[in-house]
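Source file: upload_32.csv; contents: CSV, C-alpha atoms.
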chain,number,residue,atom,x,y,z
A,1,MET,CA,-34.6,48.9,28.9
A,2,LEU,CA,-35.9,50.6,32.1
A,3,ALA,CA,-39.4,50.1,30.9
A,4,ILE,CA,-39.4,46.6,32.3
A,5,PHE,CA,-39.7,48.1,35.8
A,6,THR,CA,-42.8,50.1,34.8
A,7,TRP,CA,-44.2,46.8,33.5
A,8,LEU,CA,-43.3,45.0,36.7
A,9,ALA,CA,-45.0,47.7,38.8
A,10,ASP,CA,-48.1,47.5,36.6
A,11,TRP,CA,-48.3,43.8,37.1
A,12,ILE,CA,-47.8,43.9,40.8
A,13,VAL,CA,-49.9,46.9,41.8
A,14,TYR,CA,-52.8,46.7,39.2
A,15,ARG,CA,-53.0,43.0,38.4
A,16,SER,CA,-51.8,41.1,41.4
A,17,LEU,CA,-52.9,43.4,44.2
A,18,GLY,CA,-55.9,44.6,42.2
A,19,PHE,CA,-55.6,48.4,42.9
A,20,GLU,CA,-57.6,50.6,40.6
A,21,GLU,CA,-55.5,52.6,38.2
A,22,GLY,CA,-55.7,56.3,38.8
A,23,THR,CA,-56.4,56.5,42.5
A,24,ARG,CA,-54.0,58.3,44.7
A,25,LEU,CA,-53.0,55.2,46.7
A,26,ALA,CA,-52.5,53.1,43.6
A,27,ASP,CA,-50.4,55.9,42.1
A,28,ALA,CA,-48.2,56.1,45.1
A,29,MET,CA,-47.8,52.3,45.3
A,30,HIS,CA,-47.0,52.1,41.6
A,31,PHE,CA,-44.3,54.7,42.0
A,32,PHE,CA,-42.9,52.9,45.0
A,33,VAL,CA,-42.6,49.5,43.4
A,34,GLU,CA,-41.3,50.8,40.1
A,35,ASP,CA,-38.6,53.0,41.7
A,36,THR,CA,-37.4,50.6,44.4
A,37,SER,CA,-37.0,47.7,42.0
A,38,LYS,CA,-35.3,49.8,39.4
A,39,ILE,CA,-32.9,51.4,41.8
A,40,LEU,CA,-31.9,48.3,43.6
A,41,VAL,CA,-31.2,46.3,40.4
A,42,LEU,CA,-29.3,49.3,38.9
A,43,LEU,CA,-27.3,49.7,42.1
A,44,VAL,CA,-26.2,46.0,42.3
A,45,VAL,CA,-25.2,45.9,38.7
A,46,MET,CA,-23.5,49.3,38.4
A,47,ILE,CA,-21.7,49.2,41.8
A,48,TYR,CA,-20.1,45.9,40.8
A,49,VAL,CA,-19.1,47.2,37.4
A,50,ILE,CA,-17.7,50.5,38.8
A,51,ALA,CA,-15.9,48.8,41.6
A,52,LEU,CA,-14.2,46.5,39.1
A,53,ALA,CA,-12.8,49.5,37.3
A,54,ARG,CA,-11.6,51.4,40.3
A,55,ALA,CA,-10.4,48.6,42.5
A,56,SER,CA,-6.9,49.9,42.4
A,57,LEU,CA,-7.8,53.5,43.3
A,58,ASN,CA,-7.1,54.4,46.8
A,59,LEU,CA,-6.4,57.6,48.8
A,60,GLU,CA,-2.6,57.1,48.7
A,61,ARG,CA,-2.7,57.0,45.0
A,62,VAL,CA,-5.0,60.0,44.8
A,63,ARG,CA,-2.8,62.0,47.0
A,64,TYR,CA,0.2,61.2,44.8
A,65,TYR,CA,-1.7,62.4,41.7
A,66,ILE,CA,-2.8,65.6,43.3
A,67,GLN,CA,0.5,66.5,45.0
A,68,HIS,CA,2.7,69.2,43.4
A,69,ARG,CA,0.2,70.1,40.8
A,70,HIS,CA,-0.5,73.6,39.7
A,71,ARG,CA,-3.2,75.0,42.1
A,72,LEU,CA,-5.9,75.5,39.5
A,73,THR,CA,-5.5,71.9,38.3
A,74,GLY,CA,-5.4,70.8,41.9
A,75,TYR,CA,-8.9,72.1,42.6
A,76,PHE,CA,-10.4,70.2,39.7
A,77,LEU,CA,-8.4,67.1,40.5
A,78,GLY,CA,-9.4,67.3,44.1
A,79,SER,CA,-13.0,67.7,43.3
A,80,GLY,CA,-12.9,65.0,40.6
A,81,PHE,CA,-11.2,62.5,42.8
A,82,GLY,CA,-13.7,63.4,45.6
A,83,ALA,CA,-16.4,62.3,43.2
A,84,ILE,CA,-14.9,59.0,42.1
A,85,THR,CA,-12.8,57.8,45.1
A,86,PRO,CA,-14.5,55.3,47.4
A,87,PHE,CA,-14.5,57.1,50.7
A,88,CYS,CA,-16.5,56.9,53.9
A,89,SER,CA,-17.1,60.2,55.7
A,90,CYS,CA,-15.7,58.6,58.9
A,91,SER,CA,-12.3,58.8,57.2
A,92,SER,CA,-12.6,62.6,56.7
A,93,ILE,CA,-10.1,63.5,59.5
A,94,PRO,CA,-7.3,61.1,58.5
A,95,LEU,CA,-7.8,62.1,54.9
A,96,PHE,CA,-7.6,65.7,55.7
A,97,LEU,CA,-4.5,65.3,57.8
A,98,GLY,CA,-2.9,63.0,55.2
A,99,PHE,CA,-3.4,65.5,52.5
A,100,THR,CA,-2.4,68.5,54.6
A,101,SER,CA,0.7,66.9,55.9
A,102,ALA,CA,1.7,66.2,52.3
A,103,GLY,CA,1.6,69.9,51.5
A,104,ILE,CA,-1.6,69.8,49.6
A,105,PRO,CA,-3.3,73.2,50.0
A,106,LEU,CA,-6.4,73.5,52.2
A,107,GLY,CA,-8.6,74.5,49.3
A,108,VAL,CA,-7.7,71.5,47.2
A,109,THR,CA,-8.3,69.1,50.2
A,110,MET,CA,-11.7,70.8,50.8
A,111,ALA,CA,-12.6,70.6,47.2
A,112,PHE,CA,-12.3,66.8,47.6
A,113,LEU,CA,-14.4,66.8,50.8
A,114,PHE,CA,-17.0,69.2,49.4
A,115,THR,CA,-17.7,67.1,46.3
A,116,SER,CA,-17.4,63.7,47.9
A,117,PRO,CA,-20.8,63.5,49.6
A,118,ILE,CA,-22.5,65.2,46.6
A,119,ILE,CA,-21.3,63.0,43.9
A,120,ASN,CA,-20.8,59.3,44.3
A,121,GLU,CA,-21.7,56.2,42.3
A,122,VAL,CA,-24.9,55.7,44.2
A,123,ALA,CA,-26.1,59.2,43.6
A,124,VAL,CA,-25.2,59.1,39.9
A,125,ILE,CA,-26.9,55.7,39.3
A,126,MET,CA,-30.0,56.8,41.1
A,127,LEU,CA,-30.2,60.1,39.2
A,128,TRP,CA,-29.7,58.4,35.9
A,129,GLY,CA,-32.4,55.8,36.7
A,130,LEU,CA,-34.9,58.4,38.0
A,131,LEU,CA,-34.3,61.6,36.2
A,132,GLY,CA,-32.4,60.8,33.0
A,133,TRP,CA,-28.9,61.4,31.9
A,134,GLN,CA,-29.2,65.1,31.0
A,135,PHE,CA,-30.1,65.9,34.6
A,136,THR,CA,-27.4,63.6,35.9
A,137,LEU,CA,-24.8,65.4,33.8
A,138,VAL,CA,-25.9,68.8,35.1
A,139,TYR,CA,-25.9,67.5,38.7
A,140,VAL,CA,-22.3,66.2,38.3
A,141,VAL,CA,-21.1,69.4,36.8
A,142,ILE,CA,-22.7,71.4,39.6
A,143,GLY,CA,-21.2,69.1,42.2
A,144,VAL,CA,-17.7,69.6,40.8
A,145,LEU,CA,-18.2,73.4,40.6
A,146,VAL,CA,-19.4,73.7,44.1
A,147,GLY,CA,-16.2,71.9,45.3
A,148,VAL,CA,-13.8,73.8,43.1
A,149,SER,CA,-15.3,77.2,43.8
A,150,GLY,CA,-15.5,76.5,47.5
A,151,GLY,CA,-11.9,75.4,47.6
A,152,MET,CA,-10.7,78.4,45.7
A,153,ILE,CA,-12.6,80.9,47.9
A,154,LEU,CA,-11.1,79.2,51.0
A,155,ASP,CA,-7.6,79.6,49.7
A,156,LEU,CA,-8.2,83.2,48.6
A,157,LEU,CA,-9.3,84.0,52.1
A,158,ARG,CA,-6.2,82.1,53.4
A,159,GLY,CA,-8.3,79.8,55.4
A,160,GLU,CA,-5.2,77.8,56.5
A,161,ARG,CA,-4.6,80.5,59.1
A,162,TRP,CA,-7.3,78.9,61.2
A,163,LEU,CA,-6.3,75.3,61.2
A,164,GLN,CA,-5.7,73.7,64.6
A,165,SER,CA,-2.1,74.4,65.4
A,166,PHE,CA,-0.7,70.8,64.9
A,167,ALA,CA,-2.4,70.6,61.5
A,168,ALA,CA,-1.0,74.0,60.5
A,169,LYS,CA,2.5,72.9,61.6
A,170,ALA,CA,2.3,69.7,59.6
A,171,TYR,CA,1.3,71.7,56.5
A,172,GLN,CA,4.1,74.3,56.9
A,173,GLN,CA,6.7,71.5,57.4
A,174,ALA,CA,5.5,69.8,54.2
A,175,GLU,CA,5.7,73.1,52.3
A,176,SER,CA,9.2,73.7,53.4
A,177,GLY,CA,10.1,70.1,52.6
A,178,VAL,CA,11.1,69.0,56.1
A,179,GLN,CA,8.7,66.0,56.2
A,180,ASN,CA,9.4,63.6,53.4
A,181,SER,CA,6.3,63.3,51.2
A,182,PRO,CA,5.1,59.9,50.1
A,183,ASP,CA,6.5,58.7,46.7
A,184,ALA,CA,5.3,56.3,44.1
A,185,GLY,CA,6.8,53.4,46.1
A,186,ASP,CA,3.8,53.5,48.3
A,187,LEU,CA,1.5,52.8,45.4
A,188,PRO,CA,-0.3,49.4,45.5
A,189,GLN,CA,0.7,46.5,43.3
A,190,LYS,CA,-1.1,45.6,40.1
A,191,LEU,CA,-4.4,43.7,40.8
A,192,THR,CA,-5.5,40.5,39.1
A,193,LEU,CA,-9.0,40.1,37.8
A,194,LYS,CA,-9.7,37.8,40.7
A,195,ASP,CA,-8.7,40.5,43.2
A,196,ARG,CA,-10.9,43.0,41.4
A,197,HIS,CA,-13.8,40.6,41.4
A,198,ARG,CA,-13.3,40.0,45.2
A,199,PHE,CA,-13.2,43.8,45.8
A,200,ALA,CA,-16.2,44.5,43.6
A,201,SER,CA,-18.4,41.9,45.3
A,202,SER,CA,-17.4,43.0,48.7
A,203,GLU,CA,-18.3,46.6,47.6
A,204,VAL,CA,-21.7,45.5,46.4
A,205,ARG,CA,-22.4,43.7,49.7
A,206,ASP,CA,-21.1,46.6,51.8
A,207,ILE,CA,-22.8,49.5,49.9
A,208,VAL,CA,-26.1,47.9,49.2
A,209,GLY,CA,-26.2,46.4,52.7
A,210,ARG,CA,-25.7,49.9,54.0
A,211,ILE,CA,-28.1,51.9,51.8
A,212,TRP,CA,-31.0,49.7,50.9
A,213,LYS,CA,-33.1,51.0,53.8
A,214,TRP,CA,-32.3,54.6,52.7
A,215,VAL,CA,-33.6,53.7,49.3
A,216,LEU,CA,-36.8,52.4,50.7
A,217,ILE,CA,-37.2,55.5,53.0
A,218,GLY,CA,-36.4,57.9,50.2
A,219,VAL,CA,-38.7,56.3,47.7
A,220,ALA,CA,-41.5,56.0,50.2
A,221,LEU,CA,-41.3,59.7,50.9
A,222,GLY,CA,-41.1,60.4,47.2
A,223,SER,CA,-44.1,58.2,46.6
A,224,ALA,CA,-46.1,60.0,49.2
A,225,LEU,CA,-45.3,63.3,47.6
A,226,HIS,CA,-46.1,61.8,44.3
A,227,GLY,CA,-49.5,60.4,45.2
A,228,PHE,CA,-50.7,63.1,47.6
A,229,VAL,CA,-49.4,66.5,46.6
A,230,PRO,CA,-51.7,68.0,44.0
A,231,GLU,CA,-50.2,68.6,40.5
A,232,GLY,CA,-48.8,72.1,40.1
A,233,TRP,CA,-49.0,72.9,43.9
A,234,PHE,CA,-45.3,73.7,44.1
A,235,ALA,CA,-45.3,75.6,40.8
A,236,GLN,CA,-48.0,77.9,42.1
A,237,ASN,CA,-46.7,78.4,45.6
A,238,LEU,CA,-42.9,78.1,45.3
A,239,GLY,CA,-42.4,78.8,41.6
A,240,SER,CA,-39.2,80.3,40.2
A,241,GLY,CA,-40.8,83.7,40.3
A,242,GLN,CA,-40.2,83.7,44.1
A,243,TRP,CA,-36.5,84.3,44.5
A,244,TRP,CA,-36.7,83.5,48.2
A,245,SER,CA,-37.7,79.9,47.6
A,246,VAL,CA,-34.0,79.1,47.0
A,247,PRO,CA,-32.6,80.3,50.3
A,248,ALA,CA,-35.7,78.8,52.0
A,249,GLY,CA,-34.8,75.5,50.4
A,250,VAL,CA,-31.2,75.7,51.6
A,251,LEU,CA,-32.4,76.5,55.2
A,252,ALA,CA,-35.0,73.7,55.1
A,253,GLY,CA,-32.3,71.3,54.0
A,254,LEU,CA,-29.9,72.2,56.8
A,255,PRO,CA,-31.4,70.4,59.8
A,256,LEU,CA,-32.2,67.4,57.6
A,257,TYR,CA,-29.1,65.3,57.5
A,258,SER,CA,-29.3,62.6,55.0
A,259,ASN,CA,-27.2,61.0,52.3
A,260,ALA,CA,-27.8,61.3,48.6
A,261,THR,CA,-29.5,57.9,48.5
A,262,ALA,CA,-32.6,59.0,50.4
A,263,VAL,CA,-32.8,62.5,48.9
A,264,ILE,CA,-32.7,61.7,45.2
A,265,PRO,CA,-36.2,59.9,45.0
A,266,VAL,CA,-37.6,62.9,46.9
A,267,MET,CA,-35.9,65.2,44.5
A,268,GLU,CA,-37.5,63.4,41.6
A,269,SER,CA,-41.0,63.8,43.1
A,270,LEU,CA,-40.4,67.5,43.8
A,271,ILE,CA,-39.3,68.2,40.3
A,272,VAL,CA,-42.2,66.2,38.7
A,273,LYS,CA,-44.6,68.1,40.9
A,274,GLY,CA,-43.3,71.4,39.6
A,275,LEU,CA,-40.8,72.6,42.2
A,276,PRO,CA,-38.2,74.6,40.2
A,277,VAL,CA,-35.0,72.6,39.5
A,278,GLY,CA,-32.7,75.2,41.1
A,279,THR,CA,-34.7,75.3,44.3
A,280,THR,CA,-34.8,71.5,44.4
A,281,LEU,CA,-31.1,71.2,43.9
A,282,ALA,CA,-30.4,73.9,46.5
A,283,PHE,CA,-32.5,72.0,49.0
A,284,CYS,CA,-31.0,68.6,48.2
A,285,MET,CA,-27.4,69.7,48.3
A,286,SER,CA,-27.9,71.5,51.6
A,287,THR,CA,-29.4,68.2,53.0
A,288,VAL,CA,-26.5,66.1,51.7
A,289,ALA,CA,-23.4,68.2,51.9
A,290,ALA,CA,-23.8,70.5,54.9
A,291,SER,CA,-24.2,68.1,57.8
A,292,PHE,CA,-23.6,68.9,61.4
A,293,PRO,CA,-22.0,65.6,62.4
A,294,GLU,CA,-19.4,66.2,59.7
A,295,PHE,CA,-18.7,69.7,60.9
A,296,ILE,CA,-18.3,68.5,64.5
A,297,MET,CA,-15.7,66.0,63.3
A,298,LEU,CA,-13.8,68.7,61.4
A,299,LYS,CA,-13.5,70.7,64.6
A,300,GLN,CA,-10.6,68.4,65.6
A,301,VAL,CA,-8.5,69.9,62.8
A,302,MET,CA,-10.0,73.4,62.4
A,303,GLN,CA,-10.8,76.4,64.6
A,304,TYR,CA,-14.3,77.6,64.8
A,305,ARG,CA,-13.6,80.5,62.5
A,306,LEU,CA,-12.6,78.2,59.7
A,307,LEU,CA,-15.6,76.0,60.3
A,308,GLY,CA,-17.9,79.0,60.2
A,309,LEU,CA,-16.3,80.2,57.0
A,310,ILE,CA,-16.7,76.9,55.3
A,311,PHE,CA,-20.3,76.7,56.4
A,312,VAL,CA,-21.1,80.1,54.9
A,313,ILE,CA,-19.2,79.4,51.7
A,314,LEU,CA,-21.2,76.2,51.2
A,315,LEU,CA,-24.6,77.9,51.9
A,316,LEU,CA,-23.8,80.7,49.5
A,317,ASN,CA,-22.7,78.3,46.9
A,318,PHE,CA,-25.9,76.3,47.1
A,319,MET,CA,-28.0,79.5,46.7
A,320,VAL,CA,-26.0,80.7,43.7
A,321,VAL,CA,-26.5,77.2,42.1
A,322,GLY,CA,-30.2,77.4,42.9
A,323,TRP,CA,-30.7,80.8,41.3
A,324,ILE,CA,-28.6,80.0,38.3
A,325,MET,CA,-30.4,76.7,37.7
A,326,ASN,CA,-33.8,78.3,38.1
A,327,ALA,CA,-32.8,80.9,35.6
A,328,VAL,CA,-31.4,78.5,32.9
A,329,SER,CA,-33.5,75.3,33.4
A,330,PRO,CA,-36.4,76.4,31.2
A,331,TRP,CA,-33.9,76.4,28.3
A,332,LEU,CA,-31.8,73.5,29.5
A,333,PHE,CA,-34.5,71.0,29.9
A,334,ALA,CA,-36.8,72.3,27.2
A,335,GLY,CA,-36.4,69.2,25.1
A,336,ALA,CA,-36.1,66.7,28.0
B,1,MET,CA,2.0,42.6,72.0
B,2,ARG,CA,0.4,46.0,71.8
B,3,ILE,CA,-2.2,46.5,69.1
B,4,GLU,CA,-3.7,49.9,68.2
B,5,VAL,CA,-6.8,50.2,66.2
B,6,LEU,CA,-6.7,53.7,64.6
B,7,GLY,CA,-9.8,55.5,63.6
B,8,THR,CA,-11.9,58.5,64.4
B,9,GLY,CA,-14.6,56.5,66.0
B,10,CYS,CA,-16.8,54.9,63.4
B,11,LYS,CA,-18.6,51.6,63.7
B,12,LYS,CA,-16.0,49.8,61.6
B,13,CYS,CA,-13.3,50.6,64.2
B,14,ASP,CA,-15.3,48.9,66.9
B,15,THR,CA,-15.9,45.9,64.7
B,16,THR,CA,-12.1,45.7,64.0
B,17,ALA,CA,-11.1,45.9,67.7
B,18,ASP,CA,-13.7,43.3,68.6
B,19,ALA,CA,-12.6,41.0,65.8
B,20,ILE,CA,-8.9,41.3,66.9
B,21,ARG,CA,-9.8,40.6,70.5
B,22,GLU,CA,-11.8,37.5,69.5
B,23,VAL,CA,-9.1,36.0,67.3
B,24,ALA,CA,-6.4,36.8,69.9
B,25,SER,CA,-8.2,34.9,72.6
B,26,GLU,CA,-8.9,32.0,70.3
B,27,LEU,CA,-5.2,31.8,69.4
B,28,GLY,CA,-4.2,32.3,73.0
B,29,VAL,CA,-2.1,35.4,72.1
B,30,ASP,CA,-1.5,37.9,74.8
B,31,ALA,CA,-2.6,41.1,73.0
B,32,GLU,CA,-3.5,44.4,74.4
B,33,VAL,CA,-6.0,46.0,72.1
B,34,GLU,CA,-6.5,49.7,72.3
B,35,LYS,CA,-8.6,52.1,70.2
B,36,VAL,CA,-6.8,55.3,69.2
B,37,THR,CA,-9.0,58.2,68.1
B,38,ASP,CA,-6.5,61.1,68.5
B,39,PRO,CA,-6.0,62.6,65.1
B,40,GLN,CA,-2.4,63.6,65.9
B,41,VAL,CA,-1.4,60.0,66.5
B,42,ILE,CA,-3.3,58.9,63.4
B,43,MET,CA,-1.4,61.5,61.4
B,44,GLN,CA,1.9,60.3,62.7
B,45,TYR,CA,1.2,56.9,61.4
B,46,GLN,CA,0.4,58.5,58.0
B,47,VAL,CA,-2.9,56.7,57.8
B,48,MET,CA,-5.5,58.0,55.5
B,49,SER,CA,-8.1,55.3,55.4
B,50,THR,CA,-9.5,53.9,58.6
B,51,PRO,CA,-9.9,51.6,60.3
B,52,ALA,CA,-6.1,50.9,60.5
B,53,VAL,CA,-4.2,48.6,62.7
B,54,ALA,CA,-0.7,49.1,64.2
B,55,VAL,CA,1.2,46.3,65.9
B,56,ASP,CA,3.8,47.4,68.5
B,57,GLY,CA,4.0,50.8,66.9
B,58,GLN,CA,4.2,49.6,63.3
B,59,LEU,CA,1.4,50.2,60.8
B,60,ARG,CA,0.3,46.9,59.4
B,61,HIS,CA,-3.1,47.3,57.9
B,62,SER,CA,-5.4,50.1,56.8
B,63,GLY,CA,-8.6,51.0,55.0
B,64,SER,CA,-10.9,48.1,56.0
B,65,VAL,CA,-12.1,45.8,58.7
B,66,PRO,CA,-9.3,43.1,58.4
B,67,THR,CA,-10.4,39.6,57.5
B,68,ARG,CA,-9.8,36.7,60.0
B,69,GLU,CA,-6.8,35.6,57.9
B,70,THR,CA,-5.3,39.1,58.0
B,71,ILE,CA,-5.7,39.3,61.8
B,72,THR,CA,-4.2,35.8,62.3
B,73,GLY,CA,-1.2,37.0,60.2
B,74,LEU,CA,-0.9,40.1,62.3
B,75,LEU,CA,-1.0,38.2,65.6
B,76,SER,CA,1.4,35.4,64.6
B,77,GLN,CA,4.8,37.0,64.4

Can you give me the file's structure in the form of structure tokens?
Amino acid sequence: MLAIFTWLADWIVYRSLGFEEGTRLADAMHFFVEDTSKILVLLVVMIYVIALARASLNLERVRYYIQHRHRLTGYFLGSGFGAITPFCSCSSIPLFLGFTSAGIPLGVTMAFLFTSPIINEVAVIMLWGLLGWQFTLVYVVIGVLVGVSGGMILDLLRGERWLQSFAAKAYQQAESGVQNSPDAGDLPQKLTLKDRHRFASSEVRDIVGRIWKWVLIGVALGSALHGFVPEGWFAQNLGSGQWWSVPAGVLAGLPLYSNATAVIPVMESLIVKGLPVGTTLAFCMSTVAASFPEFIMLKQVMQYRLLGLIFVILLLNFMVVGWIMNAVSPWLFAGA
Amino acid sequence: MRIEVLGTGCKKCDTTADAIREVASELGVDAEVEKVTDPQVIMQYQVMSTPAVAVDGQLRHSGSVPTRETITGLLSQ
């Protein structure tokens, strides 16, 4: 089904524009046309379908599901909802306080916030279109595990000690049952098909309108890598034999603040050019999930110690993911 | 009436405040629109999705930039 985009790129680049097949520029152009057309079509169709399905999912509902669960279940629920709930990072603070003041443990809330930027419908659609479903599945599992383990470690270290005092107070009050927690009465009414359609089309307009330029930038970078970095260069210089390539990838990703949309096409090119999967993932997650603007926002509810702790936990997590993936990927993707 | 636009300072909150001011002046409603970014206040309103709108201390809308109809509804009470 996706072959139609290869055909489209053949037609535009080789026939209409008359580029000679096999030259570097033509290669890069072909890659650009194929990937942008494929991704944009996939995005429009899939965002609409997904939005139809989740029109009634909102944060109040999510909070209700997560509340009063066993902790262990809570981490997975937090991370899982972080992946599927429509959520803009500018709502991080209200969400954090809403969860905390309902007595949801810090680690569970952070599992939500860790996973949210890594996994979202756009990332999954793009990975699926560019790198296939096996890789997408691995990516999703890793994204959830990064969130769950990060949350657990935070709670083991009793990170809630270093909340800002008003947030800590709200949490304690909720735990001792002073503040009344929200009940099912707050849940939204049932939606009609027409409501869902309206929601889904506004989501498509909103999301695609916001990210189309990131798709172009990401794919352009990916195309440049694709056309101009020699085959096997990464494998020779940054192969999985070099353990330090993983922390180097994490550090390189830190100052780059981007969303998953722009990074995934780059990721495809890096992998195709022989950069080990684990190193690539470590680099990309560090770019997407550890962002300074986000951290500065969280300062409003956390003390520096907690922020620093979260930062270190994230970085260590990415490195562990990178090393493990480098070690297992030769078997995992042997048939792919 | 006193209108608070709650949000930690993203673009949508500006859009919301501007939209409310615009509709208010069209309708000739005397509305004092104020942007609230203090997380403590936002928490007290129990808002989790921003931008949110409170009218005279009562939470009336949250989670999106309100449509014109919604704003008209908020202003005409």

Between CA of Thr6 in chain A and CA of Val138 in chain A, distance in Å (one decimal) |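 That distance, rounded to one decimal, is 25.2 Å.
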
Given a cut-off of 10 Å, which residues of chain A touch chain B, counting all atoms listed in the file, written out as an NGL selection string?
-> :A and (58-60 or 63 or 87-102 or 166-167 or 170 or 182 or 297 or 300-301)

Could you give me, as an NGL selection string, the residues within 12 Å of range 22-32 of chain B, counting only C-alpha atoms and dropping anything in the same chain fewer than 4 positions from it?
-> :B and (1-5 or 15-18 or 54-56 or 66-77)

Provide the CA of Leu216 in chain A to CA of Thr115 in chain A distance in Å, to one decimal place.
->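 CA of Thr115 in chain A lies at a distance of 24.5 Å from CA of Leu216 in chain A.
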
Have a look at CA of Val312 in chain A and CA of Glu294 in chain A and let me know their distance in Å, one decimal.
-> 14.8 Å

Please provide as a PyMOL selection string all residues within 12 Å of Ala123 in chain A, with the sequence filter that same-chain residues fewer than 3 positions apart are discarded (counting only C-alpha atoms).
-> chain A and resi 39+42-43+46-47+83-84+115-120+126-131+135-137+139-140+143+211+214-215+259-265+267+284-285+288

Skip Ser201 in chain A itself and residues of its chain fewer than 2 positions away, then list as a PyMOL selection string all residues within 12 Å of it, counting only C-alpha atoms.
-> chain A and resi 44-52+55+194-199+203-209

If we count all atoms listed in the file, what is near Leu306 in chain A at a cut-off of 10 Å, once residues fewer than 6 positions away on the same chain are taken out, given as a PyMOL selection string?
-> chain A and resi 154+158-164+298-299+312

Range 215-301 of chain A near range 24-32 of chain A within 12 Å: what's each residue's closest atom pair and its distance in Å to one decimal, counting all atoms listed in the file, ordered by chain then ascending residue number, as a Markdown table?
| residue | atom | partner | partner_atom | distance |
| --- | --- | --- | --- | --- |
| A:Val215 | CA | A:Phe32 | CA | 10.3 |
| A:Leu216 | CA | A:Phe32 | CA | 8.4 |
| A:Ile217 | CA | A:Phe32 | CA | 10.2 |
| A:Gly218 | CA | A:Phe32 | CA | 9.7 |
| A:Val219 | CA | A:Phe32 | CA | 6.0 |
| A:Ala220 | CA | A:Phe32 | CA | 6.2 |
| A:Leu221 | CA | A:Phe32 | CA | 9.1 |
| A:Gly222 | CA | A:Phe32 | CA | 8.0 |
| A:Ser223 | CA | A:Ala28 | CA | 4.8 |
| A:Ala224 | CA | A:Ala28 | CA | 6.0 |
| A:Leu225 | CA | A:Ala28 | CA | 8.2 |
| A:His226 | CA | A:Ala28 | CA | 6.1 |
| A:Gly227 | CA | A:Ala28 | CA | 4.5 |
| A:Phe228 | CA | A:Arg24 | CA | 6.5 |
| A:Val229 | CA | A:Arg24 | CA | 9.6 |
| A:Pro230 | CA | A:Arg24 | CA | 10.0 |
| A:Glu231 | CA | A:Arg24 | CA | 11.8 |
| A:Pro265 | CA | A:Phe32 | CA | 9.7 |
| A:Val266 | CA | A:Phe32 | CA | 11.5 |
| A:Glu268 | CA | A:Phe31 | CA | 11.0 |
| A:Ser269 | CA | A:Phe31 | CA | 9.7 |

Would you mind telling me which residue in A:Met152, A:Ile66, A:Val246, A:Ala53 lies nearest to Ile104 in chain A when using all atoms listed in the file?
->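 Of the candidates, the smallest distance to Ile104 in chain A is held by A:Ile66.
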
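Using only C-alpha atoms, the protein and nucleic acid residues lying no more than 10 Å from Gly253 in chain A, apart from those fewer than 2 places from it along its own chain, are Pro247, Ala248, Gly249, Val250, Leu251, Pro255, Leu256, Tyr257, Ser258, Thr280, Ala282, Phe283, Cys284, Met285, Ser286, Thr287, Val288, Ala289, Ala290 and Ser291 of chain A.
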
Since the input is missing atoms, can you rebuild N, CA and C atoms for range 272-282 of chain A and write them as a compact mmCIF listing (two decimals), in the frame of the given file?
# COMPACT_ATOMS: atom_id res chain seq x y z
N VAL A 272 -40.99 66.59 39.51
CA VAL A 272 -42.20 66.20 38.70
C VAL A 272 -43.38 67.01 39.15
N LYS A 273 -43.45 67.37 40.44
CA LYS A 273 -44.60 68.10 40.90
C LYS A 273 -44.44 69.63 40.67
N GLY A 274 -43.39 70.01 39.96
CA GLY A 274 -43.30 71.40 39.60
C GLY A 274 -42.46 72.32 40.45
N LEU A 275 -41.73 71.77 41.42
CA LEU A 275 -40.80 72.60 42.20
C LEU A 275 -39.65 72.96 41.22
N PRO A 276 -39.27 74.25 41.11
CA PRO A 276 -38.20 74.60 40.20
C PRO A 276 -36.93 73.80 40.43
N VAL A 277 -36.22 73.47 39.35
CA VAL A 277 -35.00 72.60 39.50
C VAL A 277 -33.99 73.21 40.39
N GLY A 278 -33.76 74.52 40.28
CA GLY A 278 -32.70 75.20 41.10
C GLY A 278 -33.06 75.09 42.58
N THR A 279 -34.32 75.34 42.90
CA THR A 279 -34.70 75.30 44.30
C THR A 279 -34.57 73.86 44.83
N THR A 280 -34.97 72.89 44.02
CA THR A 280 -34.80 71.50 44.40
C THR A 280 -33.39 71.14 44.68
N LEU A 281 -32.52 71.53 43.74
CA LEU A 281 -31.10 71.20 43.90
C LEU A 281 -30.52 71.87 45.15
N ALA A 282 -30.89 73.13 45.37
CA ALA A 282 -30.40 73.90 46.50
C ALA A 282 -30.77 73.12 47.81
